$ cat run38.txt   # compact mmCIF, C-alpha atoms
# COMPACT_ATOMS: atom_id res chain seq x y z
CA MET H 1 85.03 -71.63 49.03
CA GLU H 2 81.29 -71.97 49.61
CA SER H 3 79.52 -68.85 48.37
CA GLY H 4 76.24 -69.40 50.24
CA PHE H 5 74.26 -67.84 47.39
CA GLN H 6 73.58 -68.58 43.74
CA SER H 7 76.56 -66.83 42.19
CA GLY H 8 74.78 -66.15 38.90
CA ILE H 9 72.75 -63.53 40.75
CA LEU H 10 75.76 -61.26 41.26
CA ALA H 11 77.64 -62.26 38.09
CA PRO H 12 77.47 -60.04 34.99
CA VAL H 13 74.78 -61.00 32.51
CA PRO H 14 75.94 -63.73 30.11
CA ALA H 15 76.18 -63.63 26.32
CA PHE H 16 73.11 -65.89 26.02
CA ALA H 17 70.33 -66.91 28.38
CA SER H 18 66.96 -68.61 28.53
CA TYR H 19 64.22 -68.19 31.09
CA LEU H 20 62.38 -71.48 31.61
CA PHE H 21 59.05 -71.28 33.42
CA PHE H 22 57.65 -74.54 34.83
CA ASN H 23 54.38 -75.54 36.46
CA SER H 24 53.89 -78.62 38.63
CA VAL H 25 51.87 -81.57 37.29
CA ASP H 26 52.47 -84.09 40.10
CA LEU H 27 52.90 -82.59 43.54
CA ALA H 28 53.58 -85.97 45.15
CA GLN H 29 56.76 -86.32 43.10
CA ALA H 30 57.78 -82.67 43.44
CA PRO H 31 59.95 -82.95 46.61
CA ALA H 32 62.11 -85.76 45.23
CA VAL H 33 62.38 -84.10 41.83
CA LEU H 34 63.33 -80.77 43.40
CA GLN H 35 66.04 -82.44 45.46
CA HIS H 36 67.39 -84.12 42.32
CA LEU H 37 67.44 -80.74 40.58
CA ALA H 38 69.16 -79.20 43.62
CA SER H 39 72.01 -81.69 43.37
CA LYS H 40 72.63 -80.73 39.73
CA ILE H 41 72.50 -76.93 40.01
CA ASP H 42 75.66 -74.87 40.53
CA GLY H 43 73.92 -71.49 40.90
CA GLN H 44 76.11 -70.01 38.16
CA ALA H 45 75.12 -71.65 34.86
CA CYS H 46 71.56 -71.86 36.17
CA VAL H 47 69.79 -69.71 38.76
CA VAL H 48 66.66 -71.34 40.20
CA GLY H 49 63.64 -69.63 41.75
CA LEU H 50 60.52 -71.08 43.40
CA GLY H 51 57.10 -69.44 43.14
CA LEU H 52 54.63 -68.96 45.98
CA SER H 53 52.16 -71.41 44.42
CA LEU H 54 54.71 -74.23 44.63
CA VAL H 55 55.96 -73.33 48.10
CA ASP H 56 52.38 -73.14 49.39
CA ALA H 57 51.55 -76.50 47.83
CA LEU H 58 54.52 -78.03 49.67
CA GLY H 59 53.08 -76.77 52.95
CA VAL H 60 55.91 -74.30 53.60
CA GLU H 61 56.04 -70.58 54.36
CA ILE H 62 58.95 -68.47 53.14
CA ASN H 63 58.71 -65.12 54.87
CA GLY H 64 58.42 -62.37 52.26
CA LEU H 65 57.50 -64.59 49.31
CA ALA H 66 54.35 -63.32 47.60
CA THR H 67 52.41 -63.37 44.35
CA PHE H 68 53.23 -60.65 41.84
CA PRO H 69 50.65 -57.87 42.33
CA ALA H 70 48.73 -56.99 39.17
CA MET H 71 48.55 -53.21 38.81
CA ALA H 72 46.27 -51.13 36.59
CA ALA H 73 45.99 -47.35 36.72
CA ASN H 74 45.93 -44.30 34.47
CA GLY H 75 45.47 -46.34 31.32
CA VAL H 76 48.41 -48.71 31.86
CA ARG H 77 48.60 -52.17 33.40
CA ALA H 78 51.18 -54.60 34.73
CA PRO H 79 49.78 -58.16 34.64
CA SER H 80 50.46 -60.95 37.10
CA THR H 81 51.45 -64.29 35.53
CA PRO H 82 52.74 -66.57 38.31
CA SER H 83 54.76 -69.74 37.71
CA ASP H 84 55.76 -72.52 40.08
CA LEU H 85 59.43 -72.61 39.12
CA VAL H 86 61.89 -70.65 37.00
CA CYS H 87 65.33 -71.65 35.73
CA TRP H 88 67.44 -68.80 34.36
CA ILE H 89 70.04 -70.67 32.35
CA ARG H 90 73.17 -68.83 31.24
CA ALA H 91 75.90 -69.62 28.70
CA SER H 92 78.59 -68.10 26.49
CA GLU H 93 77.18 -69.72 23.35
CA ARG H 94 73.76 -71.00 22.26
CA GLY H 95 74.68 -74.67 21.92
CA ALA H 96 75.49 -74.96 25.62
CA LEU H 97 72.26 -73.16 26.42
CA ILE H 98 70.14 -75.62 24.45
CA ASP H 99 71.94 -78.57 26.03
CA ARG H 100 71.27 -77.21 29.54
CA MET H 101 67.61 -76.63 28.73
CA HIS H 102 67.14 -80.24 27.65
CA ARG H 103 68.94 -81.58 30.74
CA ILE H 104 66.85 -79.44 33.11
CA GLN H 105 63.66 -80.65 31.46
CA GLU H 106 64.84 -84.24 32.01
CA TRP H 107 65.69 -83.59 35.66
CA LEU H 108 62.24 -82.08 36.26
CA SER H 109 60.25 -84.61 34.23
CA GLY H 110 57.43 -86.36 36.04
CA ALA H 111 56.70 -83.48 38.40
CA PHE H 112 56.99 -80.32 36.29
CA VAL H 113 56.18 -79.32 32.72
CA LEU H 114 57.74 -76.46 30.77
CA ASP H 115 55.12 -73.73 30.30
CA GLN H 116 57.18 -71.01 28.61
CA ALA H 117 60.74 -70.48 27.41
CA VAL H 118 62.14 -67.06 26.50
CA ASP H 119 65.55 -66.68 24.86
CA ALA H 120 67.65 -63.62 25.70
CA PHE H 121 71.05 -62.25 24.80
CA LEU H 122 73.63 -59.58 25.63
CA HIS H 123 73.32 -56.57 23.30
CA GLU H 124 76.58 -54.65 22.83
CA THR H 125 77.92 -53.93 26.35
CA GLY H 126 74.57 -54.19 28.10
CA ARG H 127 72.11 -52.09 26.15
CA ASP H 128 68.40 -52.46 25.64
CA LEU H 129 67.32 -52.93 22.02
CA THR H 130 66.30 -49.28 21.99
CA GLY H 131 70.02 -48.48 22.30
CA TYR H 132 69.99 -47.22 25.90
CA GLU H 133 72.26 -48.65 28.58
CA ASP H 134 70.46 -50.78 31.15
CA GLY H 135 71.21 -50.94 34.87
CA THR H 136 73.31 -47.76 35.01
CA GLU H 137 72.53 -47.19 38.70
CA ASN H 138 73.12 -50.79 39.79
CA PRO H 139 74.79 -51.19 43.20
CA GLU H 140 78.22 -52.81 43.09
CA GLY H 141 80.45 -54.84 45.42
CA ASP H 142 79.23 -55.11 49.01
CA ALA H 143 76.29 -52.85 48.17
CA ALA H 144 75.14 -55.34 45.52
CA MET H 145 75.21 -58.17 48.07
CA GLU H 146 73.34 -56.09 50.64
CA THR H 147 70.73 -55.21 48.02
CA ALA H 148 70.21 -58.66 46.51
CA LEU H 149 70.59 -61.11 49.41
CA VAL H 150 68.38 -61.76 52.43
CA CYS H 151 70.15 -60.65 55.60
CA THR H 152 69.53 -63.30 58.26
CA GLU H 153 71.35 -66.09 60.06
CA GLU H 154 68.46 -68.51 59.58
CA ALA H 155 69.65 -71.80 58.07
CA GLY H 156 68.30 -72.35 54.56
CA ILE H 157 67.36 -68.68 54.23
CA LYS H 158 70.70 -66.88 54.60
CA GLY H 159 72.06 -66.12 51.13
CA SER H 160 68.69 -66.47 49.43
CA SER H 161 67.19 -63.75 47.25
CA PHE H 162 63.86 -62.56 45.90
CA MET H 163 63.61 -62.38 42.11
CA VAL H 164 61.16 -60.45 39.93
CA ILE H 165 60.73 -61.10 36.20
CA GLN H 166 58.71 -59.07 33.70
CA GLN H 167 58.76 -59.60 29.95
CA TRP H 168 58.36 -56.23 28.23
CA GLN H 169 57.49 -56.06 24.52
CA HIS H 170 58.63 -52.97 22.63
CA ASP H 171 56.70 -51.21 19.87
CA PHE H 172 59.66 -50.39 17.64
CA SER H 173 57.56 -48.60 15.03
CA ARG H 174 56.28 -46.20 17.65
CA PHE H 175 59.73 -45.75 19.16
CA SER H 176 61.37 -45.11 15.79
CA ALA H 177 58.74 -42.46 14.98
CA MET H 178 59.88 -40.41 17.99
CA THR H 179 62.54 -37.76 17.62
CA GLY H 180 65.86 -38.41 19.33
CA GLU H 181 65.03 -35.70 21.86
CA HIS H 182 61.69 -37.36 22.65
CA GLN H 183 63.37 -40.73 23.11
CA ASP H 184 65.91 -39.22 25.50
CA ALA H 185 63.12 -37.48 27.41
CA CYS H 186 61.26 -40.78 27.84
CA ILE H 187 64.33 -42.41 29.38
CA GLY H 188 65.77 -39.34 31.12
CA ARG H 189 69.24 -39.97 29.67
CA ARG H 190 71.00 -39.20 26.42
CA LYS H 191 71.50 -42.27 24.27
CA SER H 192 74.76 -40.85 22.91
CA ASP H 193 76.69 -40.70 26.20
CA ASN H 194 74.27 -42.08 28.85
CA ALA H 195 74.36 -38.73 30.69
CA GLU H 196 71.29 -37.99 32.81
CA LEU H 197 69.20 -35.06 31.56
CA ALA H 198 69.11 -32.19 34.03
CA ASP H 199 65.78 -31.01 32.64
CA ALA H 200 64.14 -34.42 32.20
CA PRO H 201 60.33 -34.35 32.55
CA GLU H 202 58.65 -35.90 35.60
CA SER H 203 57.51 -38.80 33.41
CA ALA H 204 61.10 -39.79 32.49
CA HIS H 205 61.90 -43.35 33.51
CA VAL H 206 65.03 -42.26 35.38
CA LYS H 207 62.97 -39.90 37.55
CA ARG H 208 60.13 -42.36 38.09
CA THR H 209 62.50 -45.05 39.37
CA ALA H 210 65.28 -43.06 41.06
CA GLN H 211 66.11 -45.49 43.85
CA GLU H 212 67.19 -42.84 46.36
CA SER H 213 63.93 -40.88 45.94
CA PHE H 214 61.79 -43.45 47.77
CA GLU H 215 61.22 -43.70 51.51
CA PRO H 216 62.71 -46.09 52.35
CA GLU H 217 65.17 -46.17 49.45
CA ALA H 218 64.20 -48.72 46.81
CA PHE H 219 67.41 -50.39 45.62
CA LEU H 220 67.35 -53.33 43.20
CA LEU H 221 70.09 -55.34 41.53
CA ARG H 222 69.05 -55.43 37.87
CA ARG H 223 70.07 -58.28 35.61
CA SER H 224 67.86 -57.55 32.60
CA MET H 225 68.51 -58.83 29.07
CA PRO H 226 66.97 -58.22 25.62
CA TRP H 227 64.79 -60.99 24.17
CA ALA H 228 63.56 -61.70 20.65
CA GLU H 229 61.16 -64.16 19.03
CA GLY H 230 60.58 -63.58 15.33
CA ALA H 231 59.47 -59.97 14.86
CA ARG H 232 58.57 -59.62 18.55
CA ALA H 233 61.27 -58.33 20.91
CA GLY H 234 61.87 -56.31 24.03
CA LEU H 235 63.42 -56.57 27.48
CA MET H 236 63.29 -59.31 30.09
CA PHE H 237 63.33 -57.15 33.19
CA VAL H 238 64.98 -59.17 35.95
CA ALA H 239 65.88 -57.84 39.39
CA PHE H 240 67.01 -59.28 42.70
CA ALA H 241 66.49 -57.83 46.17
CA HIS H 242 66.22 -58.80 49.84
CA SER H 243 62.46 -58.21 49.59
CA PHE H 244 59.87 -57.29 46.95
CA GLU H 245 59.12 -53.92 48.56
CA PRO H 246 61.62 -51.88 46.49
CA PHE H 247 60.24 -53.22 43.22
CA GLU H 248 56.61 -52.71 44.21
CA ALA H 249 57.34 -49.12 45.16
CA GLN H 250 58.99 -48.49 41.79
CA LEU H 251 56.25 -50.20 39.77
CA ALA H 252 53.47 -48.33 41.59
CA ARG H 253 55.16 -45.03 40.78
CA MET H 254 55.71 -46.07 37.15
CA CYS H 255 51.97 -46.71 36.85
CA GLY H 256 51.25 -43.26 38.30
CA MET H 257 49.61 -44.62 41.44
CA GLU H 258 51.36 -41.99 43.60
CA ASP H 259 50.73 -38.82 41.63
CA GLY H 260 49.01 -39.70 38.36
CA VAL H 261 52.23 -39.31 36.34
CA VAL H 262 52.79 -42.42 34.19
CA ASP H 263 56.30 -43.54 33.32
CA ALA H 264 57.10 -42.55 29.73
CA LEU H 265 58.30 -46.10 29.02
CA PHE H 266 54.65 -46.99 28.49
CA GLU H 267 54.68 -44.82 25.36
CA PHE H 268 56.58 -47.53 23.47
CA THR H 269 56.65 -50.70 25.58
CA ARG H 270 54.38 -52.76 27.82
CA PRO H 271 54.78 -55.69 30.22
CA LEU H 272 53.37 -59.01 29.06
CA THR H 273 54.15 -60.95 32.24
CA GLY H 274 54.98 -60.48 35.90
CA ALA H 275 56.16 -63.09 38.40
CA TYR H 276 57.90 -63.34 41.77
CA PHE H 277 60.29 -66.08 42.89
CA TRP H 278 62.40 -67.03 45.90
CA CYS H 279 65.93 -68.15 45.01
CA PRO H 280 67.31 -70.60 47.59
CA PRO H 281 70.92 -70.28 48.79
CA MET H 282 73.73 -72.74 48.02
CA ARG H 283 75.26 -75.25 50.43
CA ALA H 284 77.90 -77.93 49.81
CA GLY H 285 77.81 -77.27 46.07
CA ALA H 286 74.05 -77.73 45.71
CA LEU H 287 70.87 -75.74 46.16
CA ASP H 288 70.06 -75.53 49.87
CA LEU H 289 66.43 -76.65 50.23
CA ARG H 290 66.40 -76.92 54.02
CA ALA H 291 63.76 -74.18 54.18
CA LEU H 292 61.37 -76.61 52.50
CA ASN H 293 61.83 -79.29 55.17
CA ALA H 294 58.82 -78.04 57.13
CA GLY H 295 56.48 -79.12 54.34
CA SER H 296 54.70 -82.44 54.27
CA GLY H 297 56.86 -83.58 51.36
CA ALA H 298 60.15 -82.62 53.06
CA CYS H 299 62.98 -81.90 50.64
CA HIS H 300 65.96 -83.40 52.44
CA GLU H 301 69.25 -81.51 52.54
CA PRO H 302 72.26 -82.91 50.68
CA ALA H 303 74.72 -85.06 52.58
$ encode --input "run38.txt" --output "structure tokens"
Amino acid sequence: MESGFQSGILAPVPAFASYLFFNSVDLAQAPAVLQHLASKIDGQACVVGLGLSLVDALGVEINGLATFPAMAANGVRAPSTPSDLVCWIRASERGALIDRMHRIQEWLSGAFVLDQAVDAFLHETGRDLTGYEDGTENPEGDAAMETALVCTEEAGIKGSSFMVIQQWQHDFSRFSAMTGEHQDACIGRRKSDNAELADAPESAHVKRTAQESFEPEAFLLRRSMPWAEGARAGLMFVAFAHSFEPFEAQLARMCGMEDGVVDALFEFTRPLTGAYFWCPPMRAGALDLRALNAGSGACHEPA
């Protein structure tokens, strides 16, 4: 049965993953190369997202697609590092992951070049490398679909999603120097049983990002995974939503732009990157690129 969306968005995070960030090098070839990629992608083993820079260059407008907004306030900053294209490849073992990465590079060759690759993995049952559970308040079932997918009947847009990616690097020396009580206070939950602290400070991450506390409510479907490269490691924050507004509201509050209170996460971690993408829907077993048909390079839909 045709899902209409990239099923990897709603699927649990895999055992292994890589985030491949591409930039265009030959725009004239891009439409044909994108259509070739679309015919190879199942939306499960690889989730594809297009950046605003690429969509603009193709002469198309996707309502709601934007550039990640750099934020700096109260001594903390969230940088903007746009990319033209991202492929979130997923696998149960690393060999399959490496094979998929090489094949995707081949499919995109001539029009796109790999700019950055970040390897990620499932830690225990879904914990950050600090030991805390990630995505505790994620919506489930129908609520997850309502949160993550664009609600419209427009062909080529229905079933699409907006994706945000931030690579956060942890300072493990600083985190380890904290007492257990201080660590829990930063998160707003106990590491031991994941219970929310009734007396958590206003700077606790749980309080800063409580989805129901925003007006309108700011729900996201989180699909974050730990990453590591040598001695450097942290969290690839990944979230899907029907617009970027919920994320921007949360990030602004984390940076203290509402009330001057900075999220305590910044005590031991910081974002290195920040990018927005639009994830096309699926149709007839391939990525549905009909929304790009308005551009001068017209990506033709599959037969």
$ residues_near_point --input "run38.txt" --point "(58.6, -68.1, 44.8)" --cutoff "12 Å" --atoms "all atoms listed in the file" --output "ChimeraX atom specification"
/H:21-23,48-58,60-68,82-87,160-165,243-244,275-280,292
$ closest_atom_pairs --input "run38.txt" --of "stretch 148-248 of chain H" --to "stretch 111-117 of chain H" --cutoff "12 Å" --atoms "only C-alpha atoms" --output "Markdown table"
| residue | atom | partner | partner_atom | distance |
| --- | --- | --- | --- | --- |
| H:Gln167 | CA | H:Ala117 | CA | 11.3 |
| H:Trp227 | CA | H:Ala117 | CA | 10.8 |
| H:Ala228 | CA | H:Ala117 | CA | 11.4 |
| H:Glu229 | CA | H:Ala117 | CA | 10.5 |
| H:Met236 | CA | H:Ala117 | CA | 11.8 |
$ write_last_selection --input "run38.txt" --atoms "C-alpha atoms" --output "compact mmCIF listing (two decimals), keeping the file's coordinate frame"
# COMPACT_ATOMS: atom_id res chain seq x y z
CA GLN H 167 58.76 -59.60 29.95
CA TRP H 227 64.79 -60.99 24.17
CA ALA H 228 63.56 -61.70 20.65
CA GLU H 229 61.16 -64.16 19.03
CA MET H 236 63.29 -59.31 30.09
$ residues_near_point --input "run38.txt" --point "(73.7, -41.9, 20.9)" --cutoff "10 Å" --atoms "only C-alpha atoms" --output "list in words"
Gly131, Tyr132, Gly180, Asp184, Arg190, Lys191, Ser192, Asp193 and Asn194 of chain H
$ residues_around --input "run38.txt" --residues "stretch 42-46 of chain H" --least-positions-apart "5" --cutoff "6 Å" --atoms "only C-alpha atoms" --output "PyMOL selection string"
chain H and resi 6-8+88-90
$ residues_around --input "run38.txt" --residues "H:His123" --least-positions-apart "3" --cutoff "12 Å" --atoms "all atoms listed in the file" --output "list in words"
Val13, Pro14, Ala15, Phe16, Ala17, Ala120, Gly126, Arg127, Asp128, Leu129, Thr130, Gly131, Tyr132, Glu133, Asp134, Ser224, Met225, Pro226, Trp227, Ala228, Gly234 and Leu235 of chain H
$ write_last_selection --input "run38.txt" --atoms "C-alpha atoms" --output "compact mmCIF listing (two decimals), in the frame of the given file"
# COMPACT_ATOMS: atom_id res chain seq x y z
CA VAL H 13 74.78 -61.00 32.51
CA PRO H 14 75.94 -63.73 30.11
CA ALA H 15 76.18 -63.63 26.32
CA PHE H 16 73.11 -65.89 26.02
CA ALA H 17 70.33 -66.91 28.38
CA ALA H 120 67.65 -63.62 25.70
CA GLY H 126 74.57 -54.19 28.10
CA ARG H 127 72.11 -52.09 26.15
CA ASP H 128 68.40 -52.46 25.64
CA LEU H 129 67.32 -52.93 22.02
CA THR H 130 66.30 -49.28 21.99
CA GLY H 131 70.02 -48.48 22.30
CA TYR H 132 69.99 -47.22 25.90
CA GLU H 133 72.26 -48.65 28.58
CA ASP H 134 70.46 -50.78 31.15
CA SER H 224 67.86 -57.55 32.60
CA MET H 225 68.51 -58.83 29.07
CA PRO H 226 66.97 -58.22 25.62
CA TRP H 227 64.79 -60.99 24.17
CA ALA H 228 63.56 -61.70 20.65
CA GLY H 234 61.87 -56.31 24.03
CA LEU H 235 63.42 -56.57 27.48
$ build_atoms --input "run38.txt" --residues "stretch 189-209 of chain H" --atoms "N, CA and C atoms" --output "short mmCIF file (atom, residue, chain, number, x, y, z; two decimals), in the coordinates of the input"
data_model
loop_
_atom_site.label_atom_id
_atom_site.label_comp_id
_atom_site.auth_asym_id
_atom_site.auth_seq_id
_atom_site.Cartn_x
_atom_site.Cartn_y
_atom_site.Cartn_z
N ARG H 189 67.80 -39.95 29.96
CA ARG H 189 69.24 -39.97 29.67
C ARG H 189 69.45 -39.79 28.17
N ARG H 190 70.64 -39.28 27.83
CA ARG H 190 71.00 -39.20 26.42
C ARG H 190 71.52 -40.55 25.95
N LYS H 191 71.02 -41.00 24.82
CA LYS H 191 71.50 -42.27 24.27
C LYS H 191 72.98 -42.17 23.89
N SER H 192 73.41 -41.02 23.44
CA SER H 192 74.76 -40.85 22.91
C SER H 192 75.85 -41.08 23.95
N ASP H 193 75.64 -40.59 25.17
CA ASP H 193 76.69 -40.70 26.20
C ASP H 193 76.18 -41.18 27.55
N ASN H 194 74.89 -41.54 27.64
CA ASN H 194 74.27 -42.08 28.85
C ASN H 194 74.19 -41.05 29.98
N ALA H 195 74.42 -39.78 29.67
CA ALA H 195 74.36 -38.73 30.69
C ALA H 195 72.90 -38.45 31.05
N GLU H 196 72.64 -38.28 32.36
CA GLU H 196 71.29 -37.99 32.81
C GLU H 196 70.91 -36.57 32.43
N LEU H 197 69.67 -36.38 31.97
CA LEU H 197 69.20 -35.06 31.56
C LEU H 197 68.83 -34.23 32.78
N ALA H 198 69.41 -33.05 32.89
CA ALA H 198 69.11 -32.19 34.03
C ALA H 198 67.68 -31.69 34.00
N ASP H 199 67.13 -31.55 32.79
CA ASP H 199 65.78 -31.01 32.64
C ASP H 199 64.79 -32.09 32.20
N ALA H 200 65.04 -33.33 32.58
CA ALA H 200 64.14 -34.42 32.20
C ALA H 200 62.75 -34.20 32.78
N PRO H 201 61.69 -34.53 32.03
CA PRO H 201 60.33 -34.35 32.55
C PRO H 201 60.05 -35.32 33.70
N GLU H 202 59.00 -35.06 34.46
CA GLU H 202 58.65 -35.90 35.60
C GLU H 202 58.29 -37.32 35.17
N SER H 203 57.88 -37.48 33.91
CA SER H 203 57.51 -38.80 33.41
C SER H 203 58.71 -39.64 32.97
N ALA H 204 59.91 -39.06 32.94
CA ALA H 204 61.10 -39.79 32.49
C ALA H 204 61.33 -41.00 33.38
N HIS H 205 61.71 -42.11 32.77
CA HIS H 205 61.90 -43.35 33.51
C HIS H 205 62.93 -43.19 34.63
N VAL H 206 63.99 -42.47 34.36
CA VAL H 206 65.03 -42.26 35.38
C VAL H 206 64.45 -41.57 36.61
N LYS H 207 63.57 -40.60 36.41
CA LYS H 207 62.97 -39.90 37.55
C LYS H 207 61.93 -40.77 38.26
N ARG H 208 61.16 -41.51 37.49
CA ARG H 208 60.13 -42.36 38.09
C ARG H 208 60.73 -43.43 38.99
N THR H 209 61.93 -43.90 38.65
CA THR H 209 62.50 -45.05 39.37
C THR H 209 63.79 -44.71 40.11
#
